[in-house]
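Participant: Structure file final30.cif, mmCIF, C-alpha atoms, is pasted below:
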```cif
data_work
#
loop_
_atom_site.label_atom_id
_atom_site.label_comp_id
_atom_site.auth_asym_id
_atom_site.auth_seq_id
_atom_site.Cartn_x
_atom_site.Cartn_y
_atom_site.Cartn_z
CA PRO A 1464 0.00 0.00 0.00
CA CYS A 1465 1.39 3.37 -1.00
CA PRO A 1466 0.54 6.15 1.43
CA ARG A 1467 -0.65 9.25 -0.26
CA GLN A 1468 1.83 12.05 -0.61
CA VAL A 1469 0.99 15.24 1.19
CA ARG A 1470 0.32 17.92 -1.36
CA SER A 1471 -1.63 20.50 0.62
CA TYR A 1472 0.06 22.97 2.93
CA TYR A 1473 -0.19 22.29 6.65
CA VAL A 1474 1.73 24.35 9.15
CA ASP A 1475 3.90 21.38 10.19
CA TRP A 1476 3.99 17.61 10.16
CA ARG A 1477 2.63 17.37 13.65
CA MET A 1478 -0.48 19.04 12.43
CA LEU A 1479 -0.72 16.50 9.63
CA ARG A 1480 -0.34 13.59 12.02
CA ASP A 1481 -3.00 15.05 14.25
CA LEU A 1482 -5.25 15.26 11.20
CA LYS A 1483 -4.65 11.58 10.38
CA ARG A 1484 -5.47 10.59 13.92
CA ARG A 1485 -8.70 12.50 13.78
CA LYS A 1486 -9.72 10.78 10.55
CA LEU A 1487 -8.99 7.32 11.90
CA ALA A 1488 -10.73 8.03 15.14
CA TYR A 1489 -13.82 9.05 13.20
CA GLU A 1490 -13.77 5.85 11.16
CA HIS A 1491 -13.34 3.50 14.10
CA ALA A 1492 -15.52 5.36 16.54
CA ASP A 1493 -18.51 3.02 16.26
CA GLU A 1494 -16.47 -0.15 16.57
CA ARG A 1495 -14.63 1.16 19.57
CA LEU A 1496 -17.89 2.08 21.23
CA ARG A 1497 -19.38 -1.36 20.70
CA ILE A 1498 -16.35 -3.34 21.74
CA ASN A 1499 -16.05 -1.23 24.82
CA ALA A 1500 -19.68 -1.91 25.62
CA ILE A 1501 -18.89 -5.63 25.64
CA ARG A 1502 -15.78 -5.13 27.72
CA LYS A 1503 -17.23 -2.95 30.44
CA ASN A 1504 -19.97 -5.43 31.22
CA SER A 1505 -20.93 -7.42 34.24
CA ILE A 1506 -23.51 -9.61 32.49
CA LEU A 1507 -21.55 -11.24 29.69
CA PRO A 1508 -19.08 -14.04 30.46
CA LYS A 1509 -15.49 -13.05 31.15
CA GLU A 1510 -14.08 -15.04 28.30
CA LEU A 1511 -16.05 -12.97 25.90
CA GLN A 1512 -14.73 -9.84 27.48
CA GLU A 1513 -11.12 -11.05 27.17
CA VAL A 1514 -11.68 -11.69 23.51
CA ALA A 1515 -13.07 -8.20 23.19
CA ASP A 1516 -9.95 -6.84 24.91
CA LYS A 1517 -7.77 -8.47 22.37
CA GLU A 1518 -9.84 -7.09 19.55
CA MET A 1519 -9.55 -3.66 20.99
CA ALA A 1520 -5.80 -3.90 21.08
CA ALA A 1521 -5.77 -5.03 17.48
CA LEU A 1522 -7.28 -1.79 16.29
CA PRO A 1523 -4.83 0.82 14.93
CA ARG A 1524 -3.31 2.87 17.63
CA ASP A 1525 -4.21 6.16 16.00
CA SER A 1526 -7.90 5.33 16.07
CA CYS A 1527 -8.32 6.16 19.71
CA PRO A 1528 -9.69 9.64 20.38
CA VAL A 1529 -7.38 10.17 23.32
CA ARG A 1530 -4.49 10.72 20.96
CA ILE A 1531 -6.05 13.78 19.37
CA ARG A 1532 -4.58 17.06 20.48
CA ASN A 1533 -6.49 20.27 19.93
CA ARG A 1534 -3.81 22.28 18.24
CA CYS A 1535 -4.02 25.84 17.09
CA VAL A 1536 -5.43 25.97 13.62
CA LEU A 1537 -3.08 28.63 12.35
CA THR A 1538 0.18 28.03 14.16
CA SER A 1539 -0.19 24.39 15.27
CA ARG A 1540 0.65 25.35 18.84
CA PRO A 1541 -0.28 22.46 21.15
CA ARG A 1542 -0.68 24.55 24.28
CA GLY A 1543 -2.62 27.68 25.13
CA VAL A 1544 -5.37 26.93 22.61
CA LYS A 1545 -8.85 28.28 23.25
CA ARG A 1546 -11.38 25.67 22.23
CA HIS A 1547 -14.08 28.02 21.05
CA TRP A 1548 -11.86 29.71 18.49
CA ARG A 1549 -9.40 26.86 17.90
CA LEU A 1550 -6.66 29.47 18.09
CA SER A 1551 -3.63 29.78 20.26
CA ARG A 1552 -3.57 32.67 22.70
CA ILE A 1553 -1.06 34.66 20.69
CA VAL A 1554 -2.98 34.52 17.44
CA PHE A 1555 -6.21 35.24 19.27
CA ARG A 1556 -4.72 38.31 20.86
CA HIS A 1557 -3.36 39.48 17.53
CA PHE A 1558 -6.70 39.29 15.80
CA ALA A 1559 -8.71 40.70 18.66
CA ASP A 1560 -6.50 43.78 18.86
CA HIS A 1561 -6.94 44.40 15.17
CA ALA A 1562 -10.72 44.13 15.66
CA GLN A 1563 -10.98 41.07 13.44
CA MET A 1564 -12.73 38.92 16.04
CA SER A 1565 -16.43 39.46 16.02
CA GLY A 1566 -17.84 40.32 19.42
CA VAL A 1567 -14.50 40.29 21.24
CA GLN A 1568 -13.57 43.33 23.24
CA ARG A 1569 -10.84 44.21 25.69
CA ALA A 1570 -12.08 43.53 29.19
CA MET A 1571 -12.34 46.41 31.52
CA TRP A 1572 -14.24 46.39 34.77
CA LYS B 24 -103.81 25.79 -29.15
CA ASP B 25 -106.66 28.30 -29.43
CA LYS B 26 -107.82 27.47 -25.96
CA SER B 27 -104.39 27.71 -24.53
CA ALA B 28 -103.79 31.00 -26.28
CA ALA B 29 -107.11 32.29 -25.06
CA SER B 30 -106.35 31.16 -21.55
CA LYS B 31 -102.96 32.81 -21.73
CA ASP B 32 -104.63 36.04 -22.79
CA SER B 33 -107.15 35.86 -20.04
CA ALA B 34 -104.82 34.83 -17.25
CA PRO B 35 -103.01 38.16 -16.93
CA GLU B 36 -106.35 39.92 -17.14
CA GLY B 37 -107.50 38.01 -14.08
CA ALA B 38 -110.67 36.20 -15.21
CA ALA B 39 -111.38 33.65 -12.51
CA LYS B 40 -113.26 30.99 -14.47
CA ARG B 41 -110.86 30.67 -17.33
CA GLN B 42 -107.99 30.84 -14.93
CA ALA B 43 -109.26 27.73 -13.22
CA ASP B 44 -109.51 25.84 -16.50
CA GLY B 45 -106.28 27.20 -17.77
CA ALA B 46 -104.56 26.42 -14.50
CA GLU B 47 -105.27 22.72 -14.80
CA THR B 48 -103.94 22.40 -18.33
CA LEU B 49 -101.17 24.79 -17.52
CA LYS B 50 -100.20 22.75 -14.50
CA GLN B 51 -99.97 19.67 -16.61
CA GLN B 52 -97.83 21.46 -19.08
CA LEU B 53 -95.83 22.98 -16.27
CA LEU B 54 -95.11 19.58 -14.82
CA ASP B 55 -93.95 18.38 -18.19
CA ILE B 56 -91.73 21.38 -18.64
CA ILE B 57 -90.31 21.26 -15.14
CA GLY B 58 -89.78 17.56 -15.47
CA ASN B 59 -87.49 18.27 -18.35
CA MET B 60 -85.74 21.10 -16.66
CA LYS B 61 -83.22 20.30 -13.96
CA VAL B 62 -83.64 22.47 -10.96
CA GLU B 63 -80.31 21.66 -9.36
CA VAL B 64 -78.13 24.00 -11.31
CA SER B 65 -79.61 27.31 -12.32
CA TYR B 66 -77.16 27.69 -15.20
CA ARG B 67 -78.30 24.42 -16.65
CA LYS B 68 -81.88 25.54 -16.20
CA LYS B 69 -81.21 28.64 -18.24
CA LEU B 70 -79.50 26.64 -20.96
CA GLN B 71 -82.34 24.21 -21.21
CA GLN B 72 -84.85 27.02 -21.22
CA LEU B 73 -82.93 28.67 -24.00
CA LYS B 74 -82.78 25.45 -25.96
CA ALA B 75 -86.47 24.86 -25.40
CA SER B 76 -87.26 28.41 -26.40
CA GLU B 77 -85.23 28.06 -29.58
CA SER B 78 -86.87 24.80 -30.52
CA LYS B 79 -90.30 26.18 -29.76
CA LYS B 80 -89.60 29.30 -31.75
CA GLN B 81 -88.71 27.16 -34.71
CA ALA B 82 -91.88 25.16 -34.23
CA LEU B 83 -93.94 28.30 -33.98
CA ASN B 84 -92.38 29.80 -37.06
CA LYS B 85 -93.22 26.67 -38.99
CA LEU B 86 -96.90 26.92 -38.05
CA GLU B 87 -97.49 30.39 -39.43
CA GLY B 88 -101.15 30.07 -38.63
CA PRO B 89 -103.46 32.97 -38.02
CA ASP B 90 -103.82 31.79 -34.42
CA SER B 91 -100.21 32.16 -33.62
CA GLU B 92 -100.05 35.46 -35.37
CA GLY B 93 -103.09 36.61 -33.52
CA SER B 94 -101.83 35.37 -30.20
CA LEU B 95 -98.31 36.67 -30.49
CA PRO B 96 -99.03 40.35 -31.06
CA GLN B 97 -101.60 40.25 -28.27
CA GLY B 98 -99.05 38.61 -26.11
CA THR B 99 -96.54 41.29 -26.96
CA THR B 100 -98.86 44.13 -26.18
CA GLU B 101 -99.96 42.66 -22.92
CA ASP B 102 -96.92 40.95 -21.50
CA THR B 103 -93.87 42.64 -22.87
CA GLN B 104 -92.86 46.19 -22.56
CA ARG B 105 -89.53 46.12 -24.35
CA GLY B 106 -90.84 44.94 -27.70
CA LYS B 107 -89.39 41.41 -27.62
CA PRO B 108 -92.07 38.70 -28.05
CA LEU B 109 -91.80 36.05 -25.36
CA ASN B 110 -92.36 32.42 -26.05
CA PRO B 111 -96.04 31.78 -25.24
CA GLU B 112 -95.31 28.37 -23.73
CA LEU B 113 -92.83 29.85 -21.33
CA VAL B 114 -95.37 32.51 -20.46
CA LYS B 115 -97.89 29.78 -19.80
CA ALA B 116 -95.42 28.01 -17.57
CA ALA B 117 -94.73 31.24 -15.71
CA SER B 118 -98.39 31.90 -15.10
CA ALA B 119 -98.93 28.33 -13.94
CA VAL B 120 -96.03 28.58 -11.52
CA ALA B 121 -97.38 31.86 -10.22
CA SER B 122 -100.80 30.34 -9.69
CA SER B 123 -99.33 27.38 -7.85
CA LEU B 124 -97.39 29.61 -5.44
CA PRO B 125 -99.32 30.84 -2.41
CA ARG B 126 -98.14 34.43 -2.56
CA ASN B 127 -99.27 37.34 -4.70
CA GLN B 128 -99.89 35.78 -8.05
CA LYS B 129 -99.53 38.82 -10.26
CA GLN B 130 -96.28 39.91 -8.71
CA THR B 131 -94.64 36.54 -9.06
CA GLU B 132 -95.86 36.24 -12.57
CA SER B 133 -94.45 39.61 -13.54
CA GLU B 134 -91.12 38.73 -11.94
CA LEU B 135 -90.96 35.45 -13.76
CA LEU B 136 -91.78 37.13 -17.05
CA ALA B 137 -89.06 39.69 -16.43
CA GLN B 138 -86.61 36.86 -15.91
CA LEU B 139 -87.71 35.27 -19.14
CA ARG B 140 -87.21 38.53 -20.95
CA ARG B 141 -83.69 38.70 -19.67
CA HIS B 142 -83.04 35.17 -20.91
CA GLU B 143 -84.29 36.13 -24.34
CA GLU B 144 -82.03 39.12 -24.40
CA THR B 145 -79.01 37.05 -23.53
CA THR B 146 -79.80 34.50 -26.22
CA ASP B 147 -80.09 37.22 -28.81
CA LYS B 148 -76.83 38.76 -27.73
CA GLN B 149 -75.06 35.45 -27.93
CA LYS B 150 -76.52 34.82 -31.34
CA LYS B 151 -75.23 38.10 -32.69
CA GLY B 152 -71.86 37.34 -31.23
CA GLY B 153 -71.33 40.45 -29.15
CA THR B 154 -71.05 43.14 -31.79
CA ILE B 155 -68.23 45.54 -31.29
CA ASN B 156 -69.96 48.84 -31.39
CA ILE B 157 -67.61 51.49 -32.67
CA ARG B 158 -69.69 53.94 -30.80
CA ASN B 159 -68.63 52.40 -27.53
CA VAL B 160 -65.00 52.59 -28.52
CA ILE B 161 -65.12 56.17 -29.63
CA SER B 162 -67.28 57.32 -26.76
CA GLU B 163 -64.37 56.91 -24.39
CA MET B 164 -61.96 58.83 -26.51
CA THR B 165 -61.88 62.61 -26.42
CA VAL B 166 -60.30 65.06 -28.76
CA LYS B 167 -57.20 66.50 -27.24
CA ARG B 168 -57.41 70.24 -27.42
CA GLN B 169 -54.08 71.85 -27.07
CA THR B 170 -54.20 74.74 -24.68
CA PRO B 171 -51.17 76.79 -25.56
CA THR B 172 -51.91 79.26 -22.83
CA HIS B 173 -51.79 76.49 -20.22
CA ARG B 174 -48.73 74.87 -21.66
CA ASN B 175 -46.29 77.72 -21.61
CA PRO B 176 -46.08 78.25 -17.87
CA ARG B 177 -45.70 74.46 -17.43
CA MET B 178 -42.88 74.26 -19.95
CA SER B 179 -41.18 77.20 -18.42
CA GLY B 180 -41.57 75.60 -15.07
CA ARG B 181 -39.82 72.48 -16.33
CA ILE B 182 -36.90 74.16 -18.00
CA SER B 183 -36.06 76.73 -15.37
CA LEU B 184 -35.82 75.76 -11.78
CA GLN B 185 -38.32 77.97 -10.07
CA LEU B 186 -37.00 77.97 -6.61
CA ASP B 187 -39.10 78.92 -3.70
CA GLU B 188 -37.89 80.59 -0.63
CA ASP B 189 -37.20 77.20 0.87
CA GLY B 190 -35.43 76.05 -2.25
CA GLN B 191 -38.07 73.61 -3.47
CA ARG B 192 -39.44 73.55 -6.99
CA ILE B 193 -42.70 75.27 -7.88
CA ARG B 194 -44.92 73.07 -9.97
CA PRO B 195 -48.18 74.97 -10.41
CA GLY B 196 -49.26 73.07 -13.52
CA ARG B 197 -48.71 69.70 -11.94
CA SER B 198 -51.97 69.44 -10.06
CA SER B 199 -54.04 70.33 -13.14
CA ALA B 200 -52.29 67.67 -15.22
CA GLN B 201 -52.91 65.09 -12.57
CA SER B 202 -56.56 65.99 -12.35
CA ILE B 203 -56.93 65.62 -16.13
CA ASP B 204 -55.32 62.20 -15.90
CA SER B 205 -57.58 61.15 -13.09
CA ARG B 206 -60.65 62.08 -15.10
CA ARG B 207 -59.65 59.69 -17.83
CA SER B 208 -58.91 56.86 -15.48
CA LEU B 209 -58.44 53.35 -16.71
CA LYS B 210 -61.30 51.64 -14.92
CA VAL B 211 -64.05 54.00 -16.04
CA GLY B 212 -66.12 53.12 -19.07
CA LYS B 213 -67.84 50.21 -20.73
CA ARG B 214 -66.07 47.00 -21.50
CA LEU B 215 -65.39 46.75 -25.20
CA ASN B 216 -64.62 43.02 -25.37
CA ILE B 217 -62.17 43.48 -28.17
CA PHE B 218 -59.47 41.32 -26.68
CA THR B 219 -60.20 37.77 -25.72
CA LYS B 220 -58.82 36.63 -22.43
CA ALA B 221 -55.59 34.77 -22.92
CA SER B 222 -56.53 31.21 -22.11
CA THR B 223 -53.99 29.29 -20.13
CA GLU B 224 -52.58 27.01 -22.76
CA PRO B 225 -52.16 23.47 -21.63
CA GLU B 226 -48.53 22.71 -21.16
CA HIS B 227 -47.11 21.04 -24.15
CA ALA B 228 -46.00 17.52 -23.72
CA LEU B 229 -42.58 17.34 -22.15
CA LYS B 230 -40.04 17.57 -24.89
CA THR B 231 -37.92 14.50 -24.66
CA VAL B 232 -34.47 15.81 -23.80
CA SER B 233 -31.62 13.41 -24.02
CA SER B 234 -29.13 13.88 -21.22
CA PRO B 235 -27.70 17.43 -21.49
CA THR B 236 -24.51 17.34 -23.49
CA ILE B 237 -21.27 18.76 -22.19
CA TRP B 238 -21.58 21.63 -24.61
CA ASP B 239 -24.94 22.52 -23.16
CA LEU B 240 -23.51 22.51 -19.67
CA GLU B 241 -20.59 24.66 -20.70
CA PHE B 242 -22.88 27.08 -22.42
CA ALA B 243 -25.06 27.29 -19.37
CA LYS B 244 -22.03 27.93 -17.20
CA GLU B 245 -20.82 30.64 -19.54
CA VAL B 246 -24.16 32.36 -19.53
CA ALA B 247 -24.33 32.23 -15.75
CA ALA B 248 -20.84 33.65 -15.42
CA VAL B 249 -21.58 36.52 -17.78
CA THR B 250 -24.95 37.42 -16.31
CA ALA B 251 -23.79 37.22 -12.70
CA GLN B 252 -23.04 40.86 -12.02
CA PRO B 253 -21.21 41.77 -8.81
CA PRO B 254 -23.71 42.73 -6.11
CA ARG B 255 -24.65 46.37 -6.20
CA ASN B 256 -25.55 46.64 -2.55
CA GLY B 257 -25.59 44.73 0.72
CA PHE B 258 -28.96 43.17 0.03
CA GLU B 259 -27.82 41.56 -3.19
CA GLU B 260 -24.70 40.33 -1.45
CA MET B 261 -26.82 38.68 1.21
CA ILE B 262 -29.02 37.14 -1.46
CA GLN B 263 -25.97 35.69 -3.15
CA TRP B 264 -24.69 34.29 0.10
CA THR B 265 -28.04 32.72 0.88
CA LYS B 266 -28.06 31.03 -2.52
CA GLU B 267 -24.58 29.67 -1.97
CA GLY B 268 -25.51 28.45 1.47
CA ILE B 269 -23.22 30.68 3.50
CA LEU B 270 -26.12 32.52 5.07
CA TRP B 271 -29.12 30.87 6.63
CA GLU B 272 -32.65 31.54 5.51
CA PHE B 273 -34.63 33.73 7.84
CA PRO B 274 -36.82 33.14 9.84
CA VAL B 275 -34.47 30.46 11.06
CA ASP B 276 -35.74 26.95 10.49
CA ASN B 277 -34.25 24.68 13.10
CA GLU B 278 -34.91 21.55 11.10
CA VAL B 279 -33.06 22.40 7.94
CA GLY B 280 -31.31 19.35 6.62
CA MET B 281 -32.89 17.14 9.26
CA GLU B 282 -35.34 14.84 7.62
CA ASP B 283 -36.43 12.15 9.99
CA ASP B 284 -39.16 10.28 8.22
CA ALA B 285 -39.43 7.62 10.90
CA GLU B 286 -42.16 7.81 13.51
CA PHE B 287 -41.43 7.75 17.22
CA HIS B 288 -42.49 4.13 17.60
CA GLU B 289 -39.77 3.03 15.25
CA HIS B 290 -37.24 4.66 17.52
CA ILE B 291 -38.51 3.25 20.78
CA PHE B 292 -39.89 -0.22 20.10
CA LEU B 293 -36.79 -1.98 18.83
CA GLU B 294 -37.59 -5.46 20.14
CA LYS B 295 -38.52 -6.72 16.70
CA HIS B 296 -34.84 -6.42 15.72
CA LEU B 297 -33.95 -8.82 18.51
CA GLU B 298 -35.29 -11.88 16.72
CA GLY B 299 -31.89 -13.28 15.82
CA PHE B 300 -30.79 -13.59 19.41
CA PRO B 301 -31.38 -16.48 21.81
CA LYS B 302 -34.32 -15.84 24.07
CA GLU B 303 -32.65 -16.59 27.31
CA GLY B 304 -29.23 -16.08 28.69
CA PRO B 305 -26.84 -13.26 29.36
CA ILE B 306 -26.69 -12.19 25.71
CA ARG B 307 -30.41 -11.49 25.67
CA HIS B 308 -30.08 -9.55 28.86
CA PHE B 309 -27.23 -7.55 27.41
CA MET B 310 -29.11 -6.81 24.18
CA GLU B 311 -32.18 -5.66 26.05
CA LEU B 312 -30.01 -3.15 27.88
CA VAL B 313 -28.58 -2.04 24.56
CA ILE B 314 -32.07 -1.51 23.18
CA CYS B 315 -33.11 0.38 26.25
CA GLY B 316 -30.20 2.74 25.73
CA LEU B 317 -30.88 3.17 22.03
CA SER B 318 -34.52 3.98 22.56
CA LYS B 319 -33.49 6.89 24.75
CA ASN B 320 -31.04 8.21 22.21
CA PRO B 321 -32.42 11.14 20.24
CA TYR B 322 -29.31 11.74 18.19
CA LEU B 323 -29.17 8.59 16.14
CA SER B 324 -31.41 7.87 13.20
CA VAL B 325 -33.38 4.65 12.97
CA LYS B 326 -30.96 3.32 10.39
CA GLN B 327 -27.99 3.82 12.64
CA LYS B 328 -29.74 2.08 15.53
CA VAL B 329 -30.61 -0.87 13.37
CA GLU B 330 -27.03 -1.07 12.15
CA HIS B 331 -25.86 -1.03 15.77
CA ILE B 332 -27.99 -4.01 16.64
CA GLU B 333 -26.99 -5.87 13.49
CA TRP B 334 -23.31 -5.39 14.28
CA PHE B 335 -23.86 -7.04 17.62
CA GLN B 336 -25.70 -9.86 15.97
CA LYS B 337 -22.81 -10.50 13.60
CA TYR B 338 -20.28 -10.29 16.43
CA PHE B 339 -22.07 -12.82 18.56
CA GLU B 340 -22.56 -15.19 15.64
CA GLU B 341 -18.84 -15.17 15.01
CA LYS B 342 -18.19 -15.96 18.63
CA LYS B 343 -20.78 -18.74 18.75
CA GLU B 344 -18.24 -21.52 19.02
CA LEU B 345 -16.57 -19.79 21.88
CA LEU B 346 -19.84 -19.31 23.64
CA GLN B 347 -20.79 -22.96 23.23
CA GLU B 348 -17.62 -24.03 24.89
CA ILE B 349 -18.63 -22.03 27.94
#
```
As structure tokens - that is how I would like this structure written.
Facilitator:
Amino acid sequence: PCPRQVRSYYVDWRMLRDLKRRKLAYEHADERLRINAIRKNSILPKELQEVADKEMAALPRDSCPVRIRNRCVLTSRPRGVKRHWRLSRIVFRHFADHAQMSGVQRAMW
Amino acid sequence: KDKSAASKDSAPEGAAKRQADGAETLKQQLLDIIGNMKVEVSYRKKLQQLKASESKKQALNKLEGPDSEGSLPQGTTEDTQRGKPLNPELVKAASAVASSLPRNQKQTESELLAQLRRHEETTDKQKKGGTINIRNVISEMTVKRQTPTHRNPRMSGRISLQLDEDGQRIRPGRSSAQSIDSRRSLKVGKRLNIFTKASTEPEHALKTVSSPTIWDLEFAKEVAAVTAQPPRNGFEEMIQWTKEGILWEFPVDNEVGMEDDAEFHEHIFLEKHLEGFPKEGPIRHFMELVICGLSKNPYLSVKQKVEHIEWFQKYFEEKKELLQEI
């Protein structure tokens, strides 16, 4: 299998990898949910649950949602990102001062 | 026919004896006539009356006896006032109806005869075909007399800006012009019936179009690109955005794009999907819990829920051997 070459422009490779993880997580979300439902069960027999454990481990590592990191959309900064705007604090401040963020004002009270 | 004509002559005069005799025969005739006429729809009644009157007129014309000639002019002098001879049979029917009704006989009879006269008029008009009287056309038009004395101040008012103290234009002639226009308004006057109403043509059969060729598509795209002018103002910009889908349609419809055709019972009662599972045992217990959870889920569509259950079914079938060992 030949992995596709990256032709579009992402800020850095970490951003790309994060994007791949998100895609995989979306694809395997249902399966993960169902296998987990079998695992975290007190009714079904334990052997079944062990089998489910093994199946879970067999899934690609990047398909788990825990691995996704909410990076800044513009600078790919992993820390200091505000969820609502998906922007890092520096970029946010830059835009807000230039009055390019709708409804954002400097706080004063 | 002599007797009937005589009775018809006497009836409006009010002779009692002859009225009694005439009433009986008239009633018989009336019943026959009314039996033919349908009372449900008045329009149909008129049509039938007209048809009957036409046929009877033809019959009468064929007779050309002295009786009919004698009866008709008498009938005209007595019954009609507008100079149109009414069909004697219809007159008979009218008088019979009037006699049968409890109220004032003469009044009802006169009303009925007036109605009949109107019918006759309409039939004649339809026969002639609605002549276009030139008189009607010309009556509305008036000769335009040029008033040079009036014009000059108006023209001068147009060319030179007569400024008031405030700086607003003086238009003294304006009100007079408007009044002249209002006098010759559009809705006044008789209908000329020159133009026939444009009938809604039935849509032609769908022209069989083979799948649009690439050239057609390209042409359409070109046309759209040329005609799409940049928006002149904010409203047109918003319209463009709404068409593209960037802007929502107002008032906001919360259910745009959400088409849940399934009823609520399909969401809640999911036990019918549990047929593939064994009826007893931990698996059944587990699946019932799953169904309970799904029925409370408002975010999934029915399809997704069914897929969920089917996935479990497949999974447990694959693990059947394992389960049997246990």
Participant: So which residues get picked by the PyMOL selection byres ((chain B) within 9 of (chain A)) here, written as a list in words?
Facilitator: Pro305, Ile306, His308, Phe309, Val313, His331, Trp334, Phe335, Lys342, Leu345, Leu346 and Ile349 of chain B
Participant: Near Arg1556 in chain A, within 12 Å and counting all atoms listed in the file, which residues show up once chain neighbours fewer than 5 positions away are dropped, as an NGL selection string?
Facilitator: :A and (1543-1545 or 1548 or 1550-1551 or 1561-1564 or 1567-1569)
Participant: If the PyMOL selection byres ((chain A and resi 1552) around 12) is run on the structure shown, which residues does it catch, given as a PDB file with C-alpha atoms, keeping the file's coordinate frame?
Facilitator:
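What ended up in out35.pdb:
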```pdb
ATOM      1  CA  ARG A1534      -3.810  22.280  18.240  1.00  0.00           C
ATOM      2  CA  CYS A1535      -4.020  25.840  17.090  1.00  0.00           C
ATOM      3  CA  VAL A1536      -5.430  25.970  13.620  1.00  0.00           C
ATOM      4  CA  LEU A1537      -3.080  28.630  12.350  1.00  0.00           C
ATOM      5  CA  THR A1538       0.180  28.030  14.160  1.00  0.00           C
ATOM      6  CA  SER A1539      -0.190  24.390  15.270  1.00  0.00           C
ATOM      7  CA  ARG A1540       0.650  25.350  18.840  1.00  0.00           C
ATOM      8  CA  PRO A1541      -0.280  22.460  21.150  1.00  0.00           C
ATOM      9  CA  ARG A1542      -0.680  24.550  24.280  1.00  0.00           C
ATOM     10  CA  GLY A1543      -2.620  27.680  25.130  1.00  0.00           C
ATOM     11  CA  VAL A1544      -5.370  26.930  22.610  1.00  0.00           C
ATOM     12  CA  LYS A1545      -8.850  28.280  23.250  1.00  0.00           C
ATOM     13  CA  ARG A1546     -11.380  25.670  22.230  1.00  0.00           C
ATOM     14  CA  HIS A1547     -14.080  28.020  21.050  1.00  0.00           C
ATOM     15  CA  TRP A1548     -11.860  29.710  18.490  1.00  0.00           C
ATOM     16  CA  ARG A1549      -9.400  26.860  17.900  1.00  0.00           C
ATOM     17  CA  LEU A1550      -6.660  29.470  18.090  1.00  0.00           C
ATOM     18  CA  SER A1551      -3.630  29.780  20.260  1.00  0.00           C
ATOM     19  CA  ILE A1553      -1.060  34.660  20.690  1.00  0.00           C
ATOM     20  CA  VAL A1554      -2.980  34.520  17.440  1.00  0.00           C
ATOM     21  CA  PHE A1555      -6.210  35.240  19.270  1.00  0.00           C
ATOM     22  CA  ARG A1556      -4.720  38.310  20.860  1.00  0.00           C
ATOM     23  CA  HIS A1557      -3.360  39.480  17.530  1.00  0.00           C
ATOM     24  CA  PHE A1558      -6.700  39.290  15.800  1.00  0.00           C
ATOM     25  CA  ALA A1559      -8.710  40.700  18.660  1.00  0.00           C
TER      26      ALA A1559
END
```
Participant: With all atoms listed in the file as the atoms that count, which of A:Ala1515, A:Met1571, A:Leu1496, A:Val1469 lies nearest to Leu1482 in chain A?
Facilitator: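 Of A:Ala1515, A:Met1571, A:Leu1496, A:Val1469, the one nearest Leu1482 in chain A is A:Val1469, counting all atoms listed in the file.
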Participant: Between A:Arg1467, A:Val1529, A:Glu1490, A:Arg1495, single out the one closest to Asp1516 in chain A, counting all atoms listed in the file.
Facilitator: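 Nearest to Asp1516 in chain A: A:Arg1495.
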Participant: Can you tell me which residues surround Leu1487 in chain A at a distance of at most 12 Å, considering all atoms listed in the file, apart from same-chain residues fewer than 4 positions away, and format the answer as a PyMOL selection string?
Facilitator: chain A and resi 1480-1483+1491-1495+1522-1531
Participant: So the first atom is CA of Pro235 in chain B and the second is CA of Thr250 in chain B; what is the distance between them in Å, to one decimal place?
Facilitator: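 Atom-to-atom, CA of Pro235 in chain B to CA of Thr250 in chain B, that is 20.8 Å.
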Participant: Of the candidates B:Ile217, B:Leu323, B:Val120, B:Leu240, which shows the shortest atom-to-atom distance to Ala285 in chain B, using only C-alpha atoms?
Facilitator: B:Leu323
Participant: Report, in Å to a single decimal, how far apart CA of Asp283 in chain B and CA of Phe300 in chain B are.
Facilitator: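 About the pair CA of Phe300 in chain B and CA of Asp283 in chain B: they are 28.0 Å apart.
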Participant: Any idea what the distance is between CA of Ile237 in chain B and CA of Ile262 in chain B?
Facilitator: 28.8 Å
Participant: Is it possible to get the axis-aligned box enclosing range 1542-1556 of chain A (all listed atoms, 6 Å extra per side) as AutoDock Vina command-line options, with centre and edge lengths in Å rounded to one decimal?
Facilitator:
```
--center_x -7.4 --center_y 31.4 --center_z 21.3 --size_x 25.4 --size_y 25.8 --size_z 19.7
```
